[in-house]
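Next comes coords.cif, a file with mmCIF, C-alpha atoms.
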```cif
data_entry
#
loop_
_atom_site.label_atom_id
_atom_site.label_comp_id
_atom_site.auth_asym_id
_atom_site.auth_seq_id
_atom_site.Cartn_x
_atom_site.Cartn_y
_atom_site.Cartn_z
CA MET A 1 -12.20 7.22 45.37
CA LEU A 2 -9.50 8.51 43.03
CA MET A 3 -6.34 6.68 41.99
CA ARG A 4 -3.94 8.05 39.40
CA PHE A 5 -1.49 5.92 37.42
CA LYS A 6 1.39 7.39 39.42
CA ASP A 7 -0.21 5.95 42.60
CA ASN A 8 0.31 2.30 41.56
CA PRO A 9 2.33 0.20 43.97
CA PRO A 10 5.83 -0.57 42.62
CA GLY A 11 5.83 -3.62 40.35
CA HIS A 12 2.14 -3.25 39.45
CA GLU A 13 2.36 -0.73 36.63
CA PRO A 14 -0.34 -1.28 33.98
CA VAL A 15 0.62 -2.49 30.52
CA ALA A 16 0.24 -0.25 27.44
CA VAL A 17 -0.24 3.07 29.18
CA PRO A 18 1.02 5.93 27.00
CA PRO A 19 3.97 7.98 28.31
CA GLY A 20 2.88 11.09 30.21
CA SER A 21 -0.14 9.35 31.77
CA ASP A 22 1.09 9.63 35.36
CA ASN A 23 -1.59 12.16 36.35
CA LYS A 24 -4.42 10.51 34.41
CA VAL A 25 -7.09 8.71 36.39
CA MET A 26 -6.67 4.95 36.53
CA HIS A 27 -9.73 4.33 38.73
CA ALA A 28 -12.29 6.73 40.14
CA THR A 29 -15.73 6.29 41.61
CA PHE A 30 -18.37 8.85 42.38
CA ARG A 31 -21.97 8.70 43.50
CA VAL A 32 -24.95 10.07 41.60
CA GLY A 33 -27.88 9.62 43.95
CA ASP A 34 -27.80 5.94 44.94
CA THR A 35 -25.72 4.96 41.89
CA ILE A 36 -21.96 4.51 41.91
CA VAL A 37 -20.25 5.43 38.62
CA MET A 38 -16.76 4.08 37.89
CA THR A 39 -14.46 5.94 35.49
CA SER A 40 -10.97 6.05 34.00
CA ASP A 41 -9.19 8.30 31.50
CA GLY A 42 -5.98 6.33 31.20
CA ARG A 43 -6.41 5.32 27.57
CA CYS A 44 -7.77 8.65 26.38
CA ALA A 45 -5.82 10.81 23.97
CA GLY A 46 -6.73 14.20 22.59
CA ARG A 47 -10.06 15.90 23.25
CA PRO A 48 -13.06 13.69 24.07
CA VAL A 49 -16.06 13.85 21.76
CA PHE A 50 -19.44 12.87 23.18
CA GLU A 51 -21.72 12.44 20.18
CA GLY A 52 -24.57 10.12 19.32
CA PHE A 53 -25.56 9.05 22.83
CA SER A 54 -27.03 10.31 26.08
CA LEU A 55 -26.96 8.92 29.59
CA SER A 56 -30.29 8.54 31.35
CA LEU A 57 -30.89 8.93 35.08
CA THR A 58 -34.14 8.18 36.86
CA VAL A 59 -34.66 9.65 40.31
CA PRO A 60 -37.54 8.99 42.71
CA THR A 61 -38.89 12.53 43.04
CA GLU A 62 -39.49 15.65 40.99
CA ALA A 63 -37.40 17.67 43.46
CA GLU A 64 -34.42 15.36 42.94
CA ALA A 65 -34.86 15.61 39.16
CA GLU A 66 -34.79 19.41 39.38
CA GLN A 67 -31.70 19.42 41.62
CA LEU A 68 -29.78 16.98 39.40
CA PHE A 69 -30.83 18.77 36.20
CA ALA A 70 -29.68 22.14 37.58
CA ALA A 71 -26.31 20.70 38.60
CA LEU A 72 -25.72 19.18 35.16
CA ALA A 73 -26.89 22.36 33.41
CA ASP A 74 -24.41 24.52 35.37
CA GLY A 75 -21.88 25.44 32.69
CA GLY A 76 -23.67 23.20 30.19
CA GLN A 77 -26.52 23.61 27.73
CA VAL A 78 -30.20 22.84 28.31
CA GLN A 79 -31.56 20.96 25.30
CA MET A 80 -35.09 20.40 26.66
CA PRO A 81 -36.15 22.05 29.94
CA LEU A 82 -37.63 19.86 32.64
CA ALA A 83 -41.37 19.50 32.06
CA LYS A 84 -44.25 17.08 32.53
CA THR A 85 -44.49 14.47 29.78
CA PHE A 86 -46.81 11.56 29.13
CA PHE A 87 -44.21 9.19 30.63
CA SER A 88 -42.83 11.24 33.53
CA PRO A 89 -43.92 14.03 35.85
CA ARG A 90 -40.53 15.72 35.14
CA PHE A 91 -38.31 14.98 32.14
CA GLY A 92 -35.56 17.05 30.54
CA MET A 93 -32.42 16.81 28.44
CA VAL A 94 -29.16 18.66 29.05
CA ALA A 95 -25.53 18.52 27.94
CA ASP A 96 -23.17 19.03 30.86
CA ARG A 97 -20.08 21.29 30.80
CA PHE A 98 -18.10 18.49 29.14
CA GLY A 99 -20.64 17.98 26.35
CA VAL A 100 -22.06 14.72 27.72
CA GLY A 101 -25.80 14.40 27.04
CA TRP A 102 -28.12 13.52 29.93
CA MET A 103 -31.81 12.63 30.08
CA ILE A 104 -33.25 13.16 33.55
CA HIS A 105 -36.64 11.99 34.67
CA ALA A 106 -38.57 11.51 37.86
CA GLY A 107 -39.91 8.00 38.30
CA GLN A 108 -42.95 8.82 40.39
CA PRO A 109 -45.20 11.87 40.64
CA GLU A 110 -44.90 13.75 43.90
CA PRO A 111 -48.02 13.81 46.08
CA GLY A 112 -49.82 16.91 45.38
#
```
In structure tokens, write the structure found in this file.
Amino acid sequence: MLMRFKDNPPGHEPVAVPPGSDNKVMHATFRVGDTIVMTSDGRCAGRPVFEGFSLSLTVPTEAEAEQLFAALADGGQVQMPLAKTFFSPRFGMVADRFGVGWMIHAGQPEPG
């Protein structure tokens, strides 16, 4: 789902939205695996800076971890390649094309 500020019904304009925000996203949702992420960029000004945090996603299988990691790494920067660790059969860290840090790990080892 994607709704821009210009898509508000008449009489329901949000308060305190900076001028020129018509094309900014008021509400958006997207799915990452079984998780729905909700976003907005209506109050953002300038260039975003993603420093000092990472988002973590746990997926059920190693194959899903590899697929998700590859998608996030496309145009981004791998910080730690996916590998077996003491806490996960597949764990890796990557910054996506927007500079957002992600930690990806598989929750269960695949039968082998």
**OP:** Decode the PyMOL selection byres ((chain A and resi 66-81) around 7) for the given file into explicit residues and return them as a ChimeraX atom specification.
**Re:** /A:62-65,82-83,92-97,104
Subject >> Hits of the PyMOL selection byres ((chain A and resi 100) around 8) in this structure, as a PyMOL selection string >> reply: chain A and resi 50-51+54-55+95-99+101-102
Original post:
A:Gly33: which residues within 10 Å, counting only C-alpha atoms, same-chain residues fewer than 3 positions away excluded, as a ChimeraX atom specification?
Top reply: /A:30,36,57-60,64,68
**OP:** Given the file shown, enumerate the residues that the PyMOL selection byres ((chain A and resi 26) around 8) captures and present them as a PyMOL selection string.
**Re:** chain A and resi 2-5+24-25+27-28+39-42
Original post:
Between atom CA of A:Gly52 and atom CA of A:Phe91, what is the spacing in Å?
Top reply: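 Calculated distance between atom CA of A:Phe91 and atom CA of A:Gly52 is 19.4 Å.
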